[in-house]
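File shown: coords.cif. Contents: mmCIF, N, CA and C atoms.
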```
data_input
loop_
_atom_site.label_atom_id
_atom_site.label_comp_id
_atom_site.auth_asym_id
_atom_site.auth_seq_id
_atom_site.Cartn_x
_atom_site.Cartn_y
_atom_site.Cartn_z
N MET A 1464 59.18 25.88 22.20
CA MET A 1464 59.56 24.88 21.23
C MET A 1464 58.62 24.93 20.03
N ALA A 1465 57.34 25.20 20.28
CA ALA A 1465 56.38 25.27 19.18
C ALA A 1465 56.74 26.40 18.23
N GLU A 1466 57.20 27.52 18.80
CA GLU A 1466 57.58 28.65 17.96
C GLU A 1466 58.80 28.31 17.11
N GLU A 1467 59.77 27.60 17.70
CA GLU A 1467 60.95 27.18 16.95
C GLU A 1467 60.56 26.24 15.81
N LEU A 1468 59.62 25.34 16.09
CA LEU A 1468 59.15 24.40 15.07
C LEU A 1468 58.48 25.15 13.92
N LYS A 1469 57.70 26.16 14.25
CA LYS A 1469 57.06 26.97 13.20
C LYS A 1469 58.09 27.67 12.34
N LYS A 1470 59.13 28.22 12.98
CA LYS A 1470 60.19 28.90 12.23
C LYS A 1470 60.89 27.91 11.29
N LEU A 1471 61.19 26.73 11.82
CA LEU A 1471 61.87 25.72 11.00
C LEU A 1471 60.98 25.27 9.84
N THR A 1472 59.69 25.11 10.11
CA THR A 1472 58.75 24.71 9.06
C THR A 1472 58.73 25.75 7.95
N ARG A 1473 58.70 27.02 8.33
CA ARG A 1473 58.72 28.09 7.32
C ARG A 1473 60.00 28.06 6.50
N ARG A 1474 61.13 27.82 7.18
CA ARG A 1474 62.40 27.74 6.47
C ARG A 1474 62.39 26.60 5.45
N VAL A 1475 61.90 25.45 5.90
CA VAL A 1475 61.86 24.28 5.02
C VAL A 1475 60.95 24.53 3.84
N GLN A 1476 59.79 25.14 4.08
CA GLN A 1476 58.84 25.41 3.01
C GLN A 1476 59.38 26.43 2.02
N SER A 1477 60.30 27.29 2.46
CA SER A 1477 60.83 28.30 1.57
C SER A 1477 61.97 27.78 0.69
N VAL A 1478 62.48 26.61 1.00
CA VAL A 1478 63.57 26.04 0.21
C VAL A 1478 62.98 25.42 -1.06
N GLU A 1479 63.44 25.91 -2.18
CA GLU A 1479 62.93 25.39 -3.45
C GLU A 1479 63.84 24.30 -3.99
N GLY A 1480 63.25 23.31 -4.63
CA GLY A 1480 64.02 22.26 -5.28
C GLY A 1480 64.64 21.26 -4.32
N GLN A 1481 64.23 21.24 -3.09
CA GLN A 1481 64.78 20.31 -2.12
C GLN A 1481 63.76 19.21 -1.85
N ASN A 1482 64.24 17.99 -1.68
CA ASN A 1482 63.33 16.90 -1.33
C ASN A 1482 63.66 16.41 0.08
N TYR A 1483 62.89 15.47 0.54
CA TYR A 1483 63.03 14.96 1.91
C TYR A 1483 64.45 14.49 2.20
N GLU A 1484 65.04 13.75 1.30
CA GLU A 1484 66.37 13.21 1.51
C GLU A 1484 67.41 14.31 1.64
N ASP A 1485 67.20 15.44 0.93
CA ASP A 1485 68.13 16.56 1.03
C ASP A 1485 68.02 17.27 2.37
N LEU A 1486 66.82 17.32 2.92
CA LEU A 1486 66.58 18.09 4.13
C LEU A 1486 66.70 17.28 5.41
N CYS A 1487 66.45 15.99 5.34
CA CYS A 1487 66.46 15.14 6.52
C CYS A 1487 67.90 14.77 6.90
N ILE A 1488 68.18 14.78 8.18
CA ILE A 1488 69.52 14.46 8.65
C ILE A 1488 69.85 12.99 8.45
N GLN A 1489 68.92 12.12 8.73
CA GLN A 1489 69.10 10.67 8.54
C GLN A 1489 67.85 10.13 7.86
N PRO A 1490 67.71 10.28 6.53
CA PRO A 1490 66.47 9.91 5.86
C PRO A 1490 66.13 8.42 5.89
N ASP A 1491 67.11 7.56 6.13
CA ASP A 1491 66.86 6.12 6.11
C ASP A 1491 66.49 5.55 7.47
N VAL A 1492 66.45 6.39 8.49
CA VAL A 1492 66.20 5.91 9.85
C VAL A 1492 64.74 6.11 10.21
N GLU A 1493 64.15 5.05 10.77
CA GLU A 1493 62.79 5.14 11.26
C GLU A 1493 62.80 4.88 12.75
N LEU A 1494 61.97 5.62 13.46
CA LEU A 1494 61.86 5.41 14.89
C LEU A 1494 61.12 4.12 15.17
N PRO A 1495 61.40 3.48 16.30
CA PRO A 1495 60.74 2.22 16.63
C PRO A 1495 59.22 2.37 16.67
N GLU A 1496 58.52 1.29 16.31
CA GLU A 1496 57.06 1.31 16.33
C GLU A 1496 56.59 1.58 17.76
N GLY A 1497 55.61 2.45 17.88
CA GLY A 1497 55.08 2.80 19.18
C GLY A 1497 55.88 3.88 19.90
N TYR A 1498 56.90 4.41 19.24
CA TYR A 1498 57.73 5.44 19.86
C TYR A 1498 56.90 6.69 20.14
N LYS A 1499 57.04 7.23 21.33
CA LYS A 1499 56.37 8.47 21.69
C LYS A 1499 57.44 9.53 21.90
N PRO A 1500 57.27 10.70 21.27
CA PRO A 1500 58.28 11.75 21.40
C PRO A 1500 58.57 12.10 22.86
N LEU A 1501 59.83 12.26 23.15
CA LEU A 1501 60.27 12.57 24.50
C LEU A 1501 60.31 14.09 24.69
N LYS A 1502 60.19 14.50 25.94
CA LYS A 1502 60.37 15.91 26.27
C LYS A 1502 61.78 16.06 26.81
N PHE A 1503 62.59 16.81 26.10
CA PHE A 1503 63.97 17.01 26.50
C PHE A 1503 64.14 18.35 27.18
N GLU A 1504 65.14 18.43 28.05
CA GLU A 1504 65.55 19.72 28.58
C GLU A 1504 66.16 20.48 27.40
N MET A 1505 65.81 21.74 27.26
CA MET A 1505 66.29 22.52 26.12
C MET A 1505 67.63 23.17 26.44
N PHE A 1506 68.54 23.09 25.49
CA PHE A 1506 69.85 23.72 25.63
C PHE A 1506 69.81 25.06 24.91
N ASP A 1507 70.20 26.12 25.62
CA ASP A 1507 70.08 27.47 25.06
C ASP A 1507 71.43 28.18 24.89
N ASP A 1508 72.51 27.46 24.83
CA ASP A 1508 73.86 28.01 24.63
C ASP A 1508 74.46 28.66 25.87
N THR A 1509 73.77 28.66 26.99
CA THR A 1509 74.33 29.33 28.16
C THR A 1509 74.77 28.36 29.26
N SER A 1510 74.33 27.13 29.18
CA SER A 1510 74.67 26.17 30.23
C SER A 1510 75.82 25.27 29.80
N ASP A 1511 76.16 24.35 30.66
CA ASP A 1511 77.27 23.44 30.42
C ASP A 1511 76.85 22.37 29.40
N PRO A 1512 77.54 22.27 28.26
CA PRO A 1512 77.16 21.27 27.26
C PRO A 1512 77.33 19.83 27.75
N LYS A 1513 78.27 19.58 28.66
CA LYS A 1513 78.43 18.23 29.20
C LYS A 1513 77.20 17.81 29.98
N VAL A 1514 76.70 18.71 30.78
CA VAL A 1514 75.50 18.42 31.57
C VAL A 1514 74.33 18.16 30.63
N HIS A 1515 74.22 18.98 29.59
CA HIS A 1515 73.13 18.80 28.64
C HIS A 1515 73.23 17.44 27.96
N MET A 1516 74.42 17.06 27.54
CA MET A 1516 74.61 15.78 26.87
C MET A 1516 74.22 14.62 27.79
N ARG A 1517 74.58 14.71 29.06
CA ARG A 1517 74.23 13.63 29.99
C ARG A 1517 72.73 13.53 30.21
N THR A 1518 72.07 14.67 30.42
CA THR A 1518 70.63 14.61 30.64
C THR A 1518 69.91 14.16 29.38
N TYR A 1519 70.41 14.57 28.22
CA TYR A 1519 69.83 14.13 26.95
C TYR A 1519 69.97 12.62 26.81
N TYR A 1520 71.17 12.13 27.03
CA TYR A 1520 71.44 10.71 26.85
C TYR A 1520 70.61 9.86 27.82
N ASP A 1521 70.44 10.34 29.04
CA ASP A 1521 69.63 9.61 30.02
C ASP A 1521 68.18 9.46 29.58
N LYS A 1522 67.66 10.41 28.82
CA LYS A 1522 66.27 10.35 28.35
C LYS A 1522 66.07 9.29 27.28
N LEU A 1523 67.14 8.82 26.66
CA LEU A 1523 67.05 7.90 25.53
C LEU A 1523 66.98 6.43 25.92
N VAL A 1524 66.68 6.15 27.16
CA VAL A 1524 66.67 4.78 27.65
C VAL A 1524 65.81 3.86 26.80
N GLY A 1525 64.62 4.27 26.39
CA GLY A 1525 63.72 3.40 25.64
C GLY A 1525 63.96 3.35 24.15
N VAL A 1526 64.93 4.11 23.65
CA VAL A 1526 65.16 4.19 22.21
C VAL A 1526 66.11 3.09 21.72
N GLY A 1527 66.94 2.57 22.59
CA GLY A 1527 67.89 1.54 22.18
C GLY A 1527 69.25 2.14 21.87
N ASN A 1528 70.08 1.36 21.20
CA ASN A 1528 71.46 1.77 20.94
C ASN A 1528 71.69 2.30 19.54
N ASN A 1529 70.65 2.69 18.85
CA ASN A 1529 70.79 3.18 17.49
C ASN A 1529 71.36 4.60 17.51
N GLU A 1530 72.61 4.74 17.07
CA GLU A 1530 73.28 6.04 17.08
C GLU A 1530 72.60 7.05 16.16
N GLN A 1531 72.05 6.59 15.07
CA GLN A 1531 71.39 7.51 14.14
C GLN A 1531 70.16 8.13 14.79
N ILE A 1532 69.44 7.36 15.58
CA ILE A 1532 68.27 7.90 16.27
C ILE A 1532 68.72 8.93 17.30
N ARG A 1533 69.80 8.66 18.00
CA ARG A 1533 70.32 9.64 18.96
C ARG A 1533 70.64 10.96 18.27
N ILE A 1534 71.26 10.88 17.10
CA ILE A 1534 71.62 12.09 16.35
C ILE A 1534 70.37 12.83 15.89
N ILE A 1535 69.40 12.10 15.38
CA ILE A 1535 68.17 12.73 14.90
C ILE A 1535 67.44 13.44 16.03
N LEU A 1536 67.28 12.77 17.15
CA LEU A 1536 66.51 13.33 18.26
C LEU A 1536 67.23 14.47 18.97
N PHE A 1537 68.54 14.56 18.80
CA PHE A 1537 69.31 15.58 19.50
C PHE A 1537 68.81 16.99 19.19
N MET A 1538 68.42 17.22 17.96
CA MET A 1538 67.97 18.55 17.60
C MET A 1538 66.72 18.96 18.38
N ARG A 1539 65.97 18.00 18.90
CA ARG A 1539 64.78 18.32 19.69
C ARG A 1539 65.12 18.87 21.06
N SER A 1540 66.39 18.82 21.42
CA SER A 1540 66.82 19.33 22.72
C SER A 1540 67.54 20.67 22.60
N LEU A 1541 67.54 21.24 21.41
CA LEU A 1541 68.26 22.49 21.17
C LEU A 1541 67.32 23.63 20.87
N THR A 1542 67.79 24.83 21.15
CA THR A 1542 67.03 26.03 20.83
C THR A 1542 68.01 27.15 20.49
N GLY A 1543 67.51 28.22 19.93
CA GLY A 1543 68.34 29.39 19.65
C GLY A 1543 69.46 29.12 18.67
N ASP A 1544 70.64 29.64 19.00
CA ASP A 1544 71.81 29.48 18.13
C ASP A 1544 72.23 28.02 17.98
N SER A 1545 71.98 27.22 19.01
CA SER A 1545 72.37 25.80 18.94
C SER A 1545 71.61 25.06 17.85
N ILE A 1546 70.31 25.31 17.74
CA ILE A 1546 69.54 24.63 16.69
C ILE A 1546 69.95 25.15 15.33
N SER A 1547 70.26 26.43 15.22
CA SER A 1547 70.74 26.97 13.94
C SER A 1547 72.06 26.33 13.55
N TRP A 1548 72.96 26.18 14.53
CA TRP A 1548 74.24 25.54 14.26
C TRP A 1548 74.01 24.10 13.79
N TYR A 1549 73.16 23.37 14.50
CA TYR A 1549 72.92 21.97 14.20
C TYR A 1549 72.37 21.80 12.78
N ILE A 1550 71.40 22.62 12.43
CA ILE A 1550 70.78 22.51 11.11
C ILE A 1550 71.76 22.89 10.00
N SER A 1551 72.68 23.79 10.29
CA SER A 1551 73.63 24.22 9.26
C SER A 1551 74.75 23.21 9.01
N GLN A 1552 74.85 22.19 9.84
CA GLN A 1552 75.91 21.19 9.69
C GLN A 1552 75.58 20.17 8.61
N ASN A 1553 76.62 19.62 8.04
CA ASN A 1553 76.45 18.51 7.11
C ASN A 1553 76.50 17.22 7.93
N PRO A 1554 75.37 16.55 8.11
CA PRO A 1554 75.35 15.37 8.99
C PRO A 1554 76.22 14.22 8.50
N LYS A 1555 76.61 14.24 7.26
CA LYS A 1555 77.47 13.17 6.74
C LYS A 1555 78.87 13.24 7.34
N LYS A 1556 79.24 14.39 7.90
CA LYS A 1556 80.56 14.51 8.52
C LYS A 1556 80.62 13.78 9.85
N TRP A 1557 79.44 13.51 10.44
CA TRP A 1557 79.39 12.81 11.70
C TRP A 1557 79.32 11.31 11.44
N GLU A 1558 80.41 10.62 11.69
CA GLU A 1558 80.47 9.18 11.46
C GLU A 1558 79.59 8.42 12.44
N ASN A 1559 79.44 8.97 13.64
CA ASN A 1559 78.67 8.31 14.68
C ASN A 1559 78.25 9.34 15.73
N TRP A 1560 77.56 8.86 16.75
CA TRP A 1560 77.07 9.72 17.83
C TRP A 1560 78.22 10.46 18.50
N VAL A 1561 79.32 9.78 18.75
CA VAL A 1561 80.45 10.38 19.45
C VAL A 1561 81.01 11.56 18.66
N SER A 1562 81.15 11.42 17.35
CA SER A 1562 81.69 12.52 16.56
C SER A 1562 80.75 13.73 16.58
N MET A 1563 79.44 13.49 16.58
CA MET A 1563 78.49 14.60 16.67
C MET A 1563 78.58 15.26 18.05
N ALA A 1564 78.63 14.45 19.10
CA ALA A 1564 78.69 14.97 20.46
C ALA A 1564 79.97 15.77 20.68
N LEU A 1565 81.09 15.27 20.19
CA LEU A 1565 82.36 16.00 20.33
C LEU A 1565 82.33 17.32 19.56
N ASP A 1566 81.73 17.31 18.39
CA ASP A 1566 81.60 18.53 17.60
C ASP A 1566 80.76 19.56 18.36
N PHE A 1567 79.66 19.12 18.93
CA PHE A 1567 78.79 19.99 19.72
C PHE A 1567 79.53 20.55 20.93
N MET A 1568 80.21 19.68 21.66
CA MET A 1568 80.92 20.12 22.86
C MET A 1568 82.08 21.03 22.53
N ASP A 1569 82.77 20.76 21.42
CA ASP A 1569 83.89 21.62 21.01
C ASP A 1569 83.39 23.02 20.68
N ARG A 1570 82.25 23.09 20.02
CA ARG A 1570 81.67 24.39 19.67
C ARG A 1570 81.36 25.22 20.91
N LEU A 1571 81.01 24.55 21.99
CA LEU A 1571 80.59 25.24 23.21
C LEU A 1571 81.56 25.10 24.37
N ARG A 1572 82.80 24.79 24.08
CA ARG A 1572 83.77 24.58 25.16
C ARG A 1572 83.97 25.82 26.00
N PHE A 1573 83.75 27.00 25.42
CA PHE A 1573 83.90 28.24 26.20
C PHE A 1573 82.92 28.32 27.36
N ASN A 1574 81.82 27.56 27.30
CA ASN A 1574 80.85 27.55 28.40
C ASN A 1574 81.42 26.88 29.65
N THR A 1575 82.43 26.05 29.49
CA THR A 1575 82.97 25.31 30.63
C THR A 1575 84.38 25.75 30.99
N GLU A 1576 85.03 26.55 30.18
CA GLU A 1576 86.39 26.98 30.47
C GLU A 1576 86.37 28.10 31.50
N ASN A 1577 87.21 27.97 32.49
CA ASN A 1577 87.38 28.99 33.52
C ASN A 1577 86.09 29.34 34.26
N VAL A 1578 85.23 28.37 34.41
CA VAL A 1578 84.00 28.59 35.15
C VAL A 1578 84.25 28.17 36.59
N PRO A 1579 84.10 29.08 37.54
CA PRO A 1579 84.32 28.69 38.94
C PRO A 1579 83.24 27.72 39.41
N ASP A 1580 83.64 26.73 40.19
CA ASP A 1580 82.65 25.80 40.71
C ASP A 1580 81.99 26.35 41.97
N ILE A 1581 80.98 25.68 42.44
CA ILE A 1581 80.20 26.16 43.58
C ILE A 1581 81.05 26.27 44.84
N PHE A 1582 82.02 25.36 45.01
CA PHE A 1582 82.90 25.41 46.18
C PHE A 1582 83.72 26.69 46.17
N TYR A 1583 84.24 27.05 45.01
CA TYR A 1583 85.05 28.27 44.88
C TYR A 1583 84.21 29.51 45.16
N ILE A 1584 82.99 29.53 44.69
CA ILE A 1584 82.12 30.68 44.88
C ILE A 1584 81.71 30.84 46.34
N GLN A 1585 81.47 29.72 47.03
CA GLN A 1585 81.03 29.77 48.40
C GLN A 1585 82.17 30.06 49.38
N ASN A 1586 83.39 29.79 48.97
CA ASN A 1586 84.54 29.94 49.87
C ASN A 1586 85.61 30.84 49.26
N PRO A 1587 85.30 32.10 49.04
CA PRO A 1587 86.31 32.99 48.44
C PRO A 1587 87.47 33.22 49.39
N LYS A 1588 88.65 33.42 48.82
CA LYS A 1588 89.84 33.71 49.62
C LYS A 1588 89.73 35.14 50.14
N LYS A 1589 90.19 35.30 51.36
CA LYS A 1589 90.15 36.63 51.95
C LYS A 1589 91.37 37.41 51.58
#
```

I need this file expressed as structure tokens, please.
Amino acid sequence: MAEELKKLTRRVQSVEGQNYEDLCIQPDVELPEGYKPLKFEMFDDTSDPKVHMRTYYDKLVGVGNNEQIRIILFMRSLTGDSISWYISQNPKKWENWVSMALDFMDRLRFNTENVPDIFYIQNPKK
């Protein structure tokens, strides 16, 4: 994650003529006082996006119901192509947390299509 942060920092520093409001996904949102960054399970484009969304959402217990905070923190749970996809999006298209989550899951629906479950794998037909 530290390496990804360094890469993102270099990208941001290389952008000329951009200010905080242009680069920040939700520039008007502040995290609650005393908030400590959470450690999220990282999504690497190979696992089930539904499972990732559930584990991510479960970690947000102390953050409250602020949808903008959920959207902001979501990028901290992504790596690889997923973080590149997230950063390349226009956050204004996401009206709320659900629209962002659906967009994310739609992008990765191939990860869950036609995937055999554990029961099928353990009990193959003869």

How many Å separate atom C of A:Asp1544 from atom N of A:Val1514? 16.4 Å

Pick from A:Asp1511, A:Trp1557, A:Arg1539, A:Tyr1498: nearest to A:Val1524, with only C-alpha atoms counted? A:Tyr1498

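Shortest atom-to-atom contact with A:Val1526 among A:Lys1555, A:Gly1543, A:Pro1500, A:Pro1495: A:Pro1495, counting all atoms listed in the file.
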
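Distances from A:Leu1494, A:Leu1565, A:Leu1468, A:Met1505 to A:Thr1542 were compared using all atoms listed in the file, and the smallest one belongs to A:Met1505.
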
Go ahead and compute the interatomic distance for atom N of A:Lys1556 and atom C of A:Glu1504, in Å to one decimal.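 Atom-to-atom, atom N of A:Lys1556 and atom C of A:Glu1504 are spaced 24.3 Å apart.
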
By how many Å are atom C of A:Arg1570 and atom C of A:Val1492 apart?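 Calculated distance between atom C of A:Arg1570 and atom C of A:Val1492 is 27.5 Å.
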
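Closest approach to A:Val1561 from the set A:Lys1522, A:Ala1465, A:Glu1530, A:Thr1472 is made by A:Glu1530, with distances taken over only N, CA and C atoms.
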
I'd like the residues picked by the PyMOL selection byres ((chain A and resi 1512) around 6.5) written out as a ChimeraX atom specification, using the chain letters and numbers from the file. /A:1510-1511,1513-1517,1568,1571,1574-1575
